[in-house]
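Coordinates as given in structure.pdb (PDB, C-alpha atoms and all ligand atoms):
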ATOM      1  CA  MET A  12      12.673  60.016 -28.110  1.00  0.00           C
ATOM      2  CA  SER A  13      16.216  59.022 -27.340  1.00  0.00           C
ATOM      3  CA  GLU A  14      14.814  56.465 -24.876  1.00  0.00           C
ATOM      4  CA  LEU A  15      13.636  54.504 -27.898  1.00  0.00           C
ATOM      5  CA  GLY A  16      17.237  54.034 -28.999  1.00  0.00           C
ATOM      6  CA  ASN A  17      18.272  53.373 -32.567  1.00  0.00           C
ATOM      7  CA  GLY A  18      16.731  51.051 -35.112  1.00  0.00           C
ATOM      8  CA  VAL A  19      13.354  51.189 -36.811  1.00  0.00           C
ATOM      9  CA  LEU A  20      11.033  53.590 -35.005  1.00  0.00           C
ATOM     10  CA  GLY A  21       7.235  53.309 -35.086  1.00  0.00           C
ATOM     11  CA  LEU A  22       5.192  56.511 -35.123  1.00  0.00           C
ATOM     12  CA  PHE A  23       1.591  56.096 -34.061  1.00  0.00           C
ATOM     13  CA  GLY A  24      -0.627  59.121 -34.603  1.00  0.00           C
ATOM     14  CA  GLY A  25      -4.246  59.214 -33.577  1.00  0.00           C
ATOM     15  CA  THR A  26      -6.992  61.242 -32.042  1.00  0.00           C
ATOM     16  CA  PHE A  27      -7.034  58.953 -28.989  1.00  0.00           C
ATOM     17  CA  ASP A  28     -10.441  60.296 -27.922  1.00  0.00           C
ATOM     18  CA  PRO A  29      -9.951  58.272 -25.702  1.00  0.00           C
ATOM     19  CA  LEU A  30      -6.969  55.917 -26.000  1.00  0.00           C
ATOM     20  CA  HIS A  31      -8.253  52.317 -25.808  1.00  0.00           C
ATOM     21  CA  VAL A  32      -6.760  48.845 -25.539  1.00  0.00           C
ATOM     22  CA  ALA A  33      -6.806  48.183 -29.308  1.00  0.00           C
ATOM     23  CA  HIS A  34      -4.445  51.164 -29.711  1.00  0.00           C
ATOM     24  CA  LEU A  35      -2.106  49.594 -27.163  1.00  0.00           C
ATOM     25  CA  ARG A  36      -2.329  46.158 -28.741  1.00  0.00           C
ATOM     26  CA  LEU A  37      -1.631  47.669 -32.166  1.00  0.00           C
ATOM     27  CA  ALA A  38       1.556  49.269 -30.821  1.00  0.00           C
ATOM     28  CA  ILE A  39       2.707  46.119 -29.007  1.00  0.00           C
ATOM     29  CA  GLU A  40       1.980  43.810 -31.939  1.00  0.00           C
ATOM     30  CA  ALA A  41       3.556  46.229 -34.442  1.00  0.00           C
ATOM     31  CA  ARG A  42       6.673  46.286 -32.306  1.00  0.00           C
ATOM     32  CA  GLU A  43       6.840  42.502 -32.252  1.00  0.00           C
ATOM     33  CA  ALA A  44       5.810  41.819 -35.858  1.00  0.00           C
ATOM     34  CA  LEU A  45       7.945  44.552 -37.395  1.00  0.00           C
ATOM     35  CA  GLY A  46      10.953  44.427 -35.070  1.00  0.00           C
ATOM     36  CA  LEU A  47      10.596  48.056 -33.994  1.00  0.00           C
ATOM     37  CA  ALA A  48      12.986  49.672 -31.523  1.00  0.00           C
ATOM     38  CA  GLY A  49       9.981  51.410 -30.003  1.00  0.00           C
ATOM     39  CA  VAL A  50       6.739  53.209 -30.728  1.00  0.00           C
ATOM     40  CA  CYS A  51       6.150  56.908 -30.264  1.00  0.00           C
ATOM     41  CA  PHE A  52       2.475  57.853 -29.774  1.00  0.00           C
ATOM     42  CA  ILE A  53       1.575  61.222 -31.294  1.00  0.00           C
ATOM     43  CA  PRO A  54      -1.831  62.538 -30.228  1.00  0.00           C
ATOM     44  CA  ALA A  55      -3.239  64.894 -32.868  1.00  0.00           C
ATOM     45  CA  GLY A  56      -3.793  68.507 -31.896  1.00  0.00           C
ATOM     46  CA  SER A  57      -6.746  69.301 -34.126  1.00  0.00           C
ATOM     47  CA  PRO A  58      -7.305  66.343 -36.485  1.00  0.00           C
ATOM     48  CA  ALA A  59      -8.100  67.053 -40.129  1.00  0.00           C
ATOM     49  CA  LEU A  60     -10.875  65.190 -41.993  1.00  0.00           C
ATOM     50  CA  ARG A  61     -13.034  64.384 -39.003  1.00  0.00           C
ATOM     51  CA  GLU A  62     -15.270  66.125 -36.530  1.00  0.00           C
ATOM     52  CA  ALA A  63     -13.595  67.977 -33.692  1.00  0.00           C
ATOM     53  CA  PRO A  64     -12.627  65.547 -30.932  1.00  0.00           C
ATOM     54  CA  GLN A  65     -15.127  65.376 -28.136  1.00  0.00           C
ATOM     55  CA  CYS A  66     -12.605  66.149 -25.471  1.00  0.00           C
ATOM     56  CA  ALA A  67      -9.865  68.754 -25.242  1.00  0.00           C
ATOM     57  CA  ALA A  68      -6.420  67.964 -26.621  1.00  0.00           C
ATOM     58  CA  ALA A  69      -4.877  68.316 -23.150  1.00  0.00           C
ATOM     59  CA  HIS A  70      -7.183  65.594 -21.816  1.00  0.00           C
ATOM     60  CA  ARG A  71      -6.422  63.290 -24.767  1.00  0.00           C
ATOM     61  CA  LEU A  72      -2.702  63.794 -24.224  1.00  0.00           C
ATOM     62  CA  ALA A  73      -3.003  63.214 -20.468  1.00  0.00           C
ATOM     63  CA  MET A  74      -4.816  59.908 -21.051  1.00  0.00           C
ATOM     64  CA  VAL A  75      -2.104  58.671 -23.428  1.00  0.00           C
ATOM     65  CA  GLU A  76       0.604  59.716 -20.972  1.00  0.00           C
ATOM     66  CA  ARG A  77      -1.085  57.922 -18.081  1.00  0.00           C
ATOM     67  CA  ALA A  78      -1.660  54.769 -20.104  1.00  0.00           C
ATOM     68  CA  LEU A  79       1.987  54.627 -21.184  1.00  0.00           C
ATOM     69  CA  ALA A  80       3.597  55.634 -17.891  1.00  0.00           C
ATOM     70  CA  ASP A  81       6.407  53.157 -17.210  1.00  0.00           C
ATOM     71  CA  ALA A  82       5.738  51.158 -20.402  1.00  0.00           C
ATOM     72  CA  PRO A  83       9.164  50.278 -21.810  1.00  0.00           C
ATOM     73  CA  GLY A  84       9.539  50.831 -25.526  1.00  0.00           C
ATOM     74  CA  PHE A  85       6.783  53.433 -25.761  1.00  0.00           C
ATOM     75  CA  SER A  86       6.974  57.195 -25.647  1.00  0.00           C
ATOM     76  CA  VAL A  87       4.606  60.102 -26.178  1.00  0.00           C
ATOM     77  CA  ASP A  88       5.270  63.093 -28.403  1.00  0.00           C
ATOM     78  CA  ALA A  89       3.204  65.979 -27.034  1.00  0.00           C
ATOM     79  CA  ALA A  90       4.262  68.552 -29.627  1.00  0.00           C
ATOM     80  CA  GLU A  91       1.115  68.412 -31.756  1.00  0.00           C
ATOM     81  CA  VAL A  92      -1.099  68.963 -28.744  1.00  0.00           C
ATOM     82  CA  LEU A  93       1.093  71.622 -27.151  1.00  0.00           C
ATOM     83  CA  ASN A  94       1.458  73.547 -30.417  1.00  0.00           C
ATOM     84  CA  ALA A  95      -2.180  73.080 -31.392  1.00  0.00           C
ATOM     85  CA  ASP A  96      -3.678  76.146 -32.982  1.00  0.00           C
ATOM     86  CA  SER A  97      -6.784  76.460 -35.075  1.00  0.00           C
ATOM     87  CA  ARG A  98      -5.080  74.752 -38.045  1.00  0.00           C
ATOM     88  CA  PRO A  99      -5.669  71.037 -38.538  1.00  0.00           C
ATOM     89  CA  SER A 100      -2.811  68.606 -37.781  1.00  0.00           C
ATOM     90  CA  TYR A 101      -1.583  67.036 -40.990  1.00  0.00           C
ATOM     91  CA  THR A 102       0.330  63.777 -40.815  1.00  0.00           C
ATOM     92  CA  VAL A 103       2.723  64.896 -43.549  1.00  0.00           C
ATOM     93  CA  GLU A 104       3.813  67.790 -41.328  1.00  0.00           C
ATOM     94  CA  THR A 105       4.096  65.462 -38.323  1.00  0.00           C
ATOM     95  CA  LEU A 106       6.406  63.244 -40.361  1.00  0.00           C
ATOM     96  CA  GLU A 107       8.460  66.208 -41.575  1.00  0.00           C
ATOM     97  CA  ARG A 108       8.999  67.185 -37.947  1.00  0.00           C
ATOM     98  CA  GLN A 109       9.903  63.614 -36.961  1.00  0.00           C
ATOM     99  CA  ARG A 110      12.314  63.374 -39.888  1.00  0.00           C
ATOM    100  CA  ARG A 111      14.068  66.546 -38.711  1.00  0.00           C
ATOM    101  CA  LEU A 112      14.315  65.082 -35.197  1.00  0.00           C
ATOM    102  CA  HIS A 113      15.721  61.720 -36.261  1.00  0.00           C
ATOM    103  CA  GLY A 114      17.821  62.673 -39.297  1.00  0.00           C
ATOM    104  CA  PRO A 115      17.613  61.457 -42.906  1.00  0.00           C
ATOM    105  CA  GLN A 116      18.776  57.862 -42.352  1.00  0.00           C
ATOM    106  CA  ARG A 117      16.755  56.438 -39.481  1.00  0.00           C
ATOM    107  CA  PRO A 118      13.946  54.150 -40.669  1.00  0.00           C
ATOM    108  CA  LEU A 119      10.601  55.593 -39.531  1.00  0.00           C
ATOM    109  CA  VAL A 120       7.329  53.685 -39.821  1.00  0.00           C
ATOM    110  CA  LEU A 121       3.934  55.335 -39.630  1.00  0.00           C
ATOM    111  CA  LEU A 122       1.494  52.882 -38.008  1.00  0.00           C
ATOM    112  CA  LEU A 123      -2.092  52.910 -39.261  1.00  0.00           C
ATOM    113  CA  GLY A 124      -5.188  50.758 -38.923  1.00  0.00           C
ATOM    114  CA  ALA A 125      -6.715  49.417 -42.149  1.00  0.00           C
ATOM    115  CA  ASP A 126      -9.582  51.952 -41.966  1.00  0.00           C
ATOM    116  CA  ALA A 127      -7.184  54.891 -41.867  1.00  0.00           C
ATOM    117  CA  PHE A 128      -5.044  53.434 -44.678  1.00  0.00           C
ATOM    118  CA  ALA A 129      -8.065  52.954 -46.960  1.00  0.00           C
ATOM    119  CA  ARG A 130      -8.761  56.697 -46.713  1.00  0.00           C
ATOM    120  CA  LEU A 131      -5.156  57.787 -47.330  1.00  0.00           C
ATOM    121  CA  GLU A 132      -5.856  59.430 -50.694  1.00  0.00           C
ATOM    122  CA  ALA A 133      -7.881  62.092 -48.913  1.00  0.00           C
ATOM    123  CA  TRP A 134      -4.914  63.131 -46.766  1.00  0.00           C
ATOM    124  CA  HIS A 135      -3.056  66.398 -47.348  1.00  0.00           C
ATOM    125  CA  ARG A 136       0.028  65.821 -49.637  1.00  0.00           C
ATOM    126  CA  TRP A 137      -0.414  62.077 -49.200  1.00  0.00           C
ATOM    127  CA  HIS A 138       2.106  61.096 -51.891  1.00  0.00           C
ATOM    128  CA  GLU A 139       4.849  62.765 -49.843  1.00  0.00           C
ATOM    129  CA  LEU A 140       4.206  60.470 -46.883  1.00  0.00           C
ATOM    130  CA  PHE A 141       6.177  57.709 -48.642  1.00  0.00           C
ATOM    131  CA  GLU A 142       9.253  59.936 -48.928  1.00  0.00           C
ATOM    132  CA  LEU A 143       9.224  60.605 -45.206  1.00  0.00           C
ATOM    133  CA  ALA A 144       8.416  57.190 -43.675  1.00  0.00           C
ATOM    134  CA  HIS A 145       7.366  53.641 -44.325  1.00  0.00           C
ATOM    135  CA  ILE A 146       3.728  52.800 -43.595  1.00  0.00           C
ATOM    136  CA  ALA A 147       2.710  49.664 -41.714  1.00  0.00           C
ATOM    137  CA  VAL A 148      -0.972  48.800 -41.783  1.00  0.00           C
ATOM    138  CA  ALA A 149      -2.707  46.751 -39.095  1.00  0.00           C
ATOM    139  CA  THR A 150      -5.744  44.611 -39.811  1.00  0.00           C
ATOM    140  CA  ARG A 151      -8.960  45.938 -38.223  1.00  0.00           C
ATOM    141  CA  PRO A 152     -12.313  44.116 -37.982  1.00  0.00           C
ATOM    142  CA  GLY A 153     -14.782  45.440 -40.544  1.00  0.00           C
ATOM    143  CA  HIS A 154     -12.087  46.975 -42.766  1.00  0.00           C
ATOM    144  CA  GLU A 155     -10.457  45.072 -45.591  1.00  0.00           C
ATOM    145  CA  LEU A 156      -6.728  45.276 -46.001  1.00  0.00           C
ATOM    146  CA  ARG A 157      -5.975  44.340 -49.598  1.00  0.00           C
ATOM    147  CA  VAL A 158      -5.142  45.943 -52.914  1.00  0.00           C
ATOM    148  CA  GLY A 159      -8.483  47.159 -54.268  1.00  0.00           C
ATOM    149  CA  ALA A 160      -9.881  48.309 -50.919  1.00  0.00           C
ATOM    150  CA  GLY A 161      -8.746  51.920 -51.417  1.00  0.00           C
ATOM    151  CA  GLY A 162      -8.819  54.211 -54.469  1.00  0.00           C
ATOM    152  CA  ALA A 163      -6.965  53.480 -57.720  1.00  0.00           C
ATOM    153  CA  ALA A 164      -3.983  55.722 -56.952  1.00  0.00           C
ATOM    154  CA  LEU A 165      -3.557  54.193 -53.502  1.00  0.00           C
ATOM    155  CA  ASP A 166      -3.823  50.705 -55.001  1.00  0.00           C
ATOM    156  CA  ARG A 167      -0.986  51.518 -57.384  1.00  0.00           C
ATOM    157  CA  GLU A 168       1.190  52.651 -54.485  1.00  0.00           C
ATOM    158  CA  PHE A 169       0.254  49.590 -52.439  1.00  0.00           C
ATOM    159  CA  THR A 170       1.181  47.248 -55.274  1.00  0.00           C
ATOM    160  CA  ALA A 171       4.466  48.997 -56.029  1.00  0.00           C
ATOM    161  CA  ARG A 172       5.594  49.536 -52.436  1.00  0.00           C
ATOM    162  CA  ARG A 173       4.354  46.427 -50.671  1.00  0.00           C
ATOM    163  CA  GLY A 174       7.075  44.837 -48.586  1.00  0.00           C
ATOM    164  CA  GLU A 175       7.954  42.560 -45.702  1.00  0.00           C
ATOM    165  CA  PRO A 176       8.882  43.547 -42.154  1.00  0.00           C
ATOM    166  CA  ALA A 177      12.548  42.845 -42.935  1.00  0.00           C
ATOM    167  CA  ASP A 178      12.500  45.566 -45.628  1.00  0.00           C
ATOM    168  CA  LEU A 179      11.867  48.306 -43.067  1.00  0.00           C
ATOM    169  CA  ALA A 180      15.418  48.426 -41.743  1.00  0.00           C
ATOM    170  CA  LYS A 181      16.890  48.563 -45.249  1.00  0.00           C
ATOM    171  CA  ALA A 182      15.687  52.076 -46.114  1.00  0.00           C
ATOM    172  CA  PRO A 183      14.520  55.141 -44.200  1.00  0.00           C
ATOM    173  CA  ALA A 184      11.116  55.294 -45.941  1.00  0.00           C
ATOM    174  CA  GLY A 185       8.974  54.153 -48.851  1.00  0.00           C
ATOM    175  CA  ARG A 186       7.542  50.694 -48.121  1.00  0.00           C
ATOM    176  CA  ILE A 187       3.988  49.662 -47.263  1.00  0.00           C
ATOM    177  CA  VAL A 188       3.943  46.654 -44.928  1.00  0.00           C
ATOM    178  CA  PRO A 189       0.687  45.049 -43.818  1.00  0.00           C
ATOM    179  CA  PHE A 190       0.624  43.106 -40.560  1.00  0.00           C
ATOM    180  CA  ALA A 191      -2.016  41.081 -38.764  1.00  0.00           C
ATOM    181  CA  MET A 192      -2.988  42.018 -35.227  1.00  0.00           C
ATOM    182  CA  THR A 193      -5.363  40.379 -32.759  1.00  0.00           C
ATOM    183  CA  ALA A 194      -8.844  41.299 -33.959  1.00  0.00           C
ATOM    184  CA  LEU A 195     -10.412  43.727 -31.482  1.00  0.00           C
ATOM    185  CA  GLU A 196     -13.674  45.314 -32.481  1.00  0.00           C
ATOM    186  CA  ILE A 197     -13.157  48.348 -30.270  1.00  0.00           C
ATOM    187  CA  SER A 198     -13.494  51.967 -31.319  1.00  0.00           C
ATOM    188  CA  ALA A 199     -13.228  55.258 -29.484  1.00  0.00           C
ATOM    189  CA  THR A 200     -16.607  56.225 -30.955  1.00  0.00           C
ATOM    190  CA  ALA A 201     -18.327  53.236 -29.342  1.00  0.00           C
ATOM    191  CA  ILE A 202     -16.556  53.926 -26.039  1.00  0.00           C
ATOM    192  CA  ARG A 203     -17.710  57.552 -26.052  1.00  0.00           C
ATOM    193  CA  GLN A 204     -21.248  56.371 -26.745  1.00  0.00           C
ATOM    194  CA  ARG A 205     -21.143  53.902 -23.862  1.00  0.00           C
ATOM    195  CA  LEU A 206     -19.867  56.530 -21.461  1.00  0.00           C
ATOM    196  CA  ALA A 207     -22.470  59.072 -22.595  1.00  0.00           C
ATOM    197  CA  GLN A 208     -25.154  56.481 -21.795  1.00  0.00           C
ATOM    198  CA  GLY A 209     -23.725  55.910 -18.343  1.00  0.00           C
ATOM    199  CA  LEU A 210     -22.391  52.437 -19.289  1.00  0.00           C
ATOM    200  CA  SER A 211     -19.028  51.012 -18.265  1.00  0.00           C
ATOM    201  CA  ALA A 212     -15.856  51.197 -20.371  1.00  0.00           C
ATOM    202  CA  ARG A 213     -13.821  49.047 -17.995  1.00  0.00           C
ATOM    203  CA  TYR A 214     -11.415  46.697 -19.831  1.00  0.00           C
ATOM    204  CA  LEU A 215     -11.989  48.594 -23.091  1.00  0.00           C
ATOM    205  CA  VAL A 216      -9.611  51.281 -21.874  1.00  0.00           C
ATOM    206  CA  PRO A 217      -6.671  50.871 -19.464  1.00  0.00           C
ATOM    207  CA  ASP A 218      -7.549  51.444 -15.811  1.00  0.00           C
ATOM    208  CA  ALA A 219      -5.439  54.602 -15.742  1.00  0.00           C
ATOM    209  CA  VAL A 220      -7.556  56.042 -18.577  1.00  0.00           C
ATOM    210  CA  LEU A 221     -10.788  55.034 -16.858  1.00  0.00           C
ATOM    211  CA  ASP A 222      -9.650  56.715 -13.645  1.00  0.00           C
ATOM    212  CA  TYR A 223      -8.835  59.857 -15.599  1.00  0.00           C
ATOM    213  CA  ILE A 224     -12.244  59.847 -17.327  1.00  0.00           C
ATOM    214  CA  ASP A 225     -13.996  59.370 -13.985  1.00  0.00           C
ATOM    215  CA  SER A 226     -12.059  61.994 -12.114  1.00  0.00           C
ATOM    216  CA  HIS A 227     -12.458  64.624 -14.850  1.00  0.00           C
ATOM    217  CA  GLN A 228     -16.030  63.664 -15.727  1.00  0.00           C
ATOM    218  CA  ILE A 229     -15.342  63.596 -19.456  1.00  0.00           C
ATOM    219  CA  TYR A 230     -17.579  61.840 -22.020  1.00  0.00           C
ATOM    220  CA  ARG A 231     -20.325  61.365 -19.464  1.00  0.00           C
ATOM    221  CA  THR A 232     -22.810  63.574 -21.273  1.00  0.00           C
ATOM    222  CA  PRO A 233     -23.517  63.512 -25.017  1.00  0.00           C
ATOM    223  CA  HIS A 234     -21.709  66.814 -25.476  1.00  0.00           C
ATOM    224  CA  GLY A 235     -18.763  66.144 -23.208  1.00  0.00           C
ATOM    225  CA  HIS A 236     -16.533  68.896 -21.923  1.00  0.00           C
TER     226      HIS A 236
HETATM  227  P1  LIG A 301     -12.881  56.886 -33.596  1.00  0.00           P
HETATM  228  O1  LIG A 301     -13.873  55.798 -33.315  1.00  0.00           O
HETATM  229  O2  LIG A 301     -13.066  58.144 -32.759  1.00  0.00           O
HETATM  230  O3  LIG A 301     -12.681  57.176 -35.073  1.00  0.00           O
HETATM  231  P2  LIG A 301     -10.593  55.078 -33.298  1.00  0.00           P
HETATM  232  O4  LIG A 301     -10.996  54.042 -32.299  1.00  0.00           O
HETATM  233  O5  LIG A 301     -10.549  54.684 -34.745  1.00  0.00           O
HETATM  234  O6  LIG A 301     -11.456  56.383 -33.073  1.00  0.00           O
HETATM  235  P3  LIG A 301      -8.236  56.757 -33.551  1.00  0.00           P
HETATM  236  O7  LIG A 301      -7.582  57.541 -32.464  1.00  0.00           O
HETATM  237  O8  LIG A 301      -8.967  57.497 -34.602  1.00  0.00           O
HETATM  238  O9  LIG A 301      -9.203  55.659 -32.832  1.00  0.00           O
HETATM  239  O10 LIG A 301      -7.224  55.719 -34.192  1.00  0.00           O
HETATM  240  C1  LIG A 301      -5.830  55.870 -34.234  1.00  0.00           C
HETATM  241  C2  LIG A 301      -5.300  54.745 -35.098  1.00  0.00           C
HETATM  242  O11 LIG A 301      -5.586  53.477 -34.479  1.00  0.00           O
HETATM  243  C3  LIG A 301      -5.905  54.680 -36.505  1.00  0.00           C
HETATM  244  O12 LIG A 301      -4.865  54.409 -37.432  1.00  0.00           O
HETATM  245  C4  LIG A 301      -6.874  53.508 -36.411  1.00  0.00           C
HETATM  246  O13 LIG A 301      -7.029  52.869 -37.645  1.00  0.00           O
HETATM  247  C5  LIG A 301      -6.195  52.594 -35.397  1.00  0.00           C
HETATM  248  N1  LIG A 301      -7.162  51.781 -34.665  1.00  0.00           N
HETATM  249  C6  LIG A 301      -8.073  52.207 -33.761  1.00  0.00           C
HETATM  250  N2  LIG A 301      -8.794  51.189 -33.281  1.00  0.00           N
HETATM  251  C7  LIG A 301      -8.337  50.071 -33.883  1.00  0.00           C
HETATM  252  C8  LIG A 301      -8.712  48.661 -33.803  1.00  0.00           C
HETATM  253  N3  LIG A 301      -9.729  48.260 -33.026  1.00  0.00           N
HETATM  254  N4  LIG A 301      -8.011  47.780 -34.575  1.00  0.00           N
HETATM  255  C9  LIG A 301      -7.005  48.209 -35.384  1.00  0.00           C
HETATM  256  N5  LIG A 301      -6.619  49.522 -35.499  1.00  0.00           N
HETATM  257  C10 LIG A 301      -7.277  50.433 -34.770  1.00  0.00           C
END
As structure tokens, how would this structure be written, given the file I've shared?
Ligand code: ATP
Amino acid sequence: MSELGNGVLGLFGGTFDPLHVAHLRLAIEAREALGLAGVCFIPAGSPALREAPQCAAAHRLAMVERALADAPGFSVDAAEVLNADSRPSYTVETLERQRRLHGPQRPLVLLLGADAFARLEAWHRWHELFELAHIAVATRPGHELRVGAGGAALDREFTARRGEPADLAKAPAGRIVPFAMTALEISATAIRQRLAQGLSARYLVPDAVLDYIDSHQIYRTPHGH
């Protein structure tokens, strides 16, 4: 991750089943809006709280790597996929690992869409997330981003921790910063459904991801590979 230099580092976890252009726009717009030194994509090994991904972790990682090849300011952390075992990946453990890598002082920002943020109270050891990183939340069509959209405990945290982009560099962790991104009503679920029906996903995913899907014949049947 040294290629992402010093300064505030964005950490973008996801299932990426598959990676699509809204993921890339979220990373680009977070970098611009929040003044990030870079964004590290972290594909989940075996995500908790959702059905098993349709395609193997190695394929999901390969698609992220192809999409980001030569993209300045972005990197991929493969550790969760490479160390995947039968245990779910928990974001709190991902952040503990990132904190060990980057030391206690570097500001780290976990990037989430509004849908993921609204469900935060269900996450393993979720209160500890704020000790490990800031959280920046992107707007997402169909998902409200406001105090009151999550549970009561999350609302209390949102109210107490809400900050501005400029606050991120002032502390290693602890703020919640909403930011607006270009509204893109794109989801990996809808892309998988299109592909399973034999429909095109061109321009919903980067060309490199589409080529990978075509050459490995993933998602083309309802049960995938
Ligand atoms: P699925 O449909 O399989 O749930 P997804 O499209 O939501 O997938 P994930 O890999 O689960 O993709 O998402 C990773 C992160 O990207 C999450 O924090 C999610 O909120 C965010 N995200 C995904 N799509 C969008 C979008 N269209 N706009 C804003 N944020 C998004």
Separation of atom CA of Val50 of chain A from atom CA of Ala33 of chain A in Å: 14.5 Å
For the atom pair atom CA of Phe27 of chain A and atom CA of Trp134 of chain A, what is the interatomic distance in Å to one decimal place? 18.4 Å
Protein and nucleic acid residues within 7 Å of ligand LIG 301 (chain A) (only C-alpha atoms and all ligand atoms) as a PDB file with C-alpha atoms, in the coordinates of the input:
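Wrote out_6.pdb, looks like this:
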ATOM      1  CA  GLY A  24      -0.627  59.121 -34.603  1.00  0.00           C
ATOM      2  CA  GLY A  25      -4.246  59.214 -33.577  1.00  0.00           C
ATOM      3  CA  THR A  26      -6.992  61.242 -32.042  1.00  0.00           C
ATOM      4  CA  PHE A  27      -7.034  58.953 -28.989  1.00  0.00           C
ATOM      5  CA  ASP A  28     -10.441  60.296 -27.922  1.00  0.00           C
ATOM      6  CA  LEU A  30      -6.969  55.917 -26.000  1.00  0.00           C
ATOM      7  CA  ALA A  33      -6.806  48.183 -29.308  1.00  0.00           C
ATOM      8  CA  HIS A  34      -4.445  51.164 -29.711  1.00  0.00           C
ATOM      9  CA  LEU A  37      -1.631  47.669 -32.166  1.00  0.00           C
ATOM     10  CA  LEU A 122       1.494  52.882 -38.008  1.00  0.00           C
ATOM     11  CA  LEU A 123      -2.092  52.910 -39.261  1.00  0.00           C
ATOM     12  CA  GLY A 124      -5.188  50.758 -38.923  1.00  0.00           C
ATOM     13  CA  ALA A 125      -6.715  49.417 -42.149  1.00  0.00           C
ATOM     14  CA  ASP A 126      -9.582  51.952 -41.966  1.00  0.00           C
ATOM     15  CA  ALA A 127      -7.184  54.891 -41.867  1.00  0.00           C
ATOM     16  CA  ALA A 149      -2.707  46.751 -39.095  1.00  0.00           C
ATOM     17  CA  THR A 150      -5.744  44.611 -39.811  1.00  0.00           C
ATOM     18  CA  ARG A 151      -8.960  45.938 -38.223  1.00  0.00           C
ATOM     19  CA  PRO A 152     -12.313  44.116 -37.982  1.00  0.00           C
ATOM     20  CA  ALA A 194      -8.844  41.299 -33.959  1.00  0.00           C
ATOM     21  CA  LEU A 195     -10.412  43.727 -31.482  1.00  0.00           C
ATOM     22  CA  GLU A 196     -13.674  45.314 -32.481  1.00  0.00           C
ATOM     23  CA  ILE A 197     -13.157  48.348 -30.270  1.00  0.00           C
ATOM     24  CA  SER A 198     -13.494  51.967 -31.319  1.00  0.00           C
ATOM     25  CA  ALA A 199     -13.228  55.258 -29.484  1.00  0.00           C
ATOM     26  CA  THR A 200     -16.607  56.225 -30.955  1.00  0.00           C
ATOM     27  CA  ALA A 201     -18.327  53.236 -29.342  1.00  0.00           C
TER      28      ALA A 201
END
Once the PyMOL selection byres (((chain A and resi 112-116) around 9) and not hetatm) has been applied to the shown file, what residues remain in the selection, as an MDAnalysis selection string? chainID A and resid 12 107:111 117:119 143 182:184
For Val216 of chain A, list every protein, DNA or RNA residue within 9 Å, evaluated using only C-alpha atoms, and leave out those in the same chain fewer than 6 positions away; present the list as a PyMOL selection string. chain A and resi 29-33+78+202
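Closest approach to Asp225 of chain A among A:Glu43, A:Trp137, A:Met74, A:Arg36 is made by A:Met74 (distances from all atoms listed in the file).
The nearest approach to Ala67 of chain A among the residues A:Val92, A:Ala219, A:Leu45, A:Ala144, with all atoms listed in the file taken into account, belongs to A:Val92.
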So that I can check the surroundings of Pro58 of chain A, please list as a count of residues only every protein, DNA and RNA residue that reaches within 8 Å of it, counting only C-alpha atoms and ignoring chain neighbours fewer than 4 positions away. 7
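Nearest to Ala95 of chain A of all the residues A:Ala133, A:Ala82, A:His227, A:Pro54 is A:Pro54, counting all atoms listed in the file.
Residue nearest Ala191 of chain A within the list A:Ala147, A:Ala73, A:Leu79, A:Ile53: A:Ala147 [criterion: smallest interatomic distance, all atoms listed in the file].
The interatomic distance for the pair atom CA of Gly185 of chain A and atom CA of His145 of chain A works out to 4.8 Å.
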With a distance cut-off of 8 Å and all atoms listed in the file, select the neighbouring residues of Ala48 of chain A, excluding the residue or stretch itself and same-chain residues fewer than 2 positions from it, and output the selection as a VMD selection string. chain A and resid 15 to 21 42 46 50 84
Once 3 Å is added on each side, what centre and edge lengths in Å to one decimal does the axis-aligned box around all listed atoms of segment 46-61 of chain A have, as JSON?
{"center_x": 0.0, "center_y": 56.9, "center_z": -35.9, "size_x": 32.0, "size_y": 30.9, "size_z": 18.2}
Nearby residues (all atoms listed in the file) at most 12 Å from Leu210 of chain A, same-chain spacing under 3 positions excluded, as a ChimeraX atom specification: /A:201-207,213,215,230-232
I'd like to know which of A:Ala68, A:Leu60, A:Cys51, A:Ile146 is closest to Val87 of chain A, using all atoms listed in the file. A:Cys51
Got a sec: who's within 9 Å of segment 172-176 of chain A, counting all atoms listed in the file, leaving out chain neighbours fewer than 3 positions off, as a VMD selection string? chain A and resid 44 to 46 147 167 to 169 179 to 180 185 to 190
Output file request: segment 44-49 of chain A, with N, CA and C atoms, as a short mmCIF file (atom, residue, chain, number, x, y, z; two decimals), in the first residue's frame.
data_model
loop_
_atom_site.label_atom_id
_atom_site.label_comp_id
_atom_site.auth_asym_id
_atom_site.auth_seq_id
_atom_site.Cartn_x
_atom_site.Cartn_y
_atom_site.Cartn_z
N ALA A 44 -13.76 14.15 -3.10
CA ALA A 44 -14.56 14.89 -2.11
C ALA A 44 -13.89 14.92 -0.74
N LEU A 45 -13.14 13.86 -0.44
CA LEU A 45 -12.59 13.73 0.91
C LEU A 45 -11.09 14.02 0.95
N GLY A 46 -10.49 14.27 -0.20
CA GLY A 46 -9.06 14.57 -0.24
C GLY A 46 -8.20 13.37 0.16
N LEU A 47 -8.56 12.19 -0.34
CA LEU A 47 -7.83 10.98 0.06
C LEU A 47 -6.54 10.85 -0.72
N ALA A 48 -5.51 10.30 -0.06
CA ALA A 48 -4.25 10.00 -0.76
C ALA A 48 -4.46 8.89 -1.77
N GLY A 49 -5.38 8.00 -1.49
CA GLY A 49 -5.65 6.87 -2.38
C GLY A 49 -6.76 6.02 -1.78
#
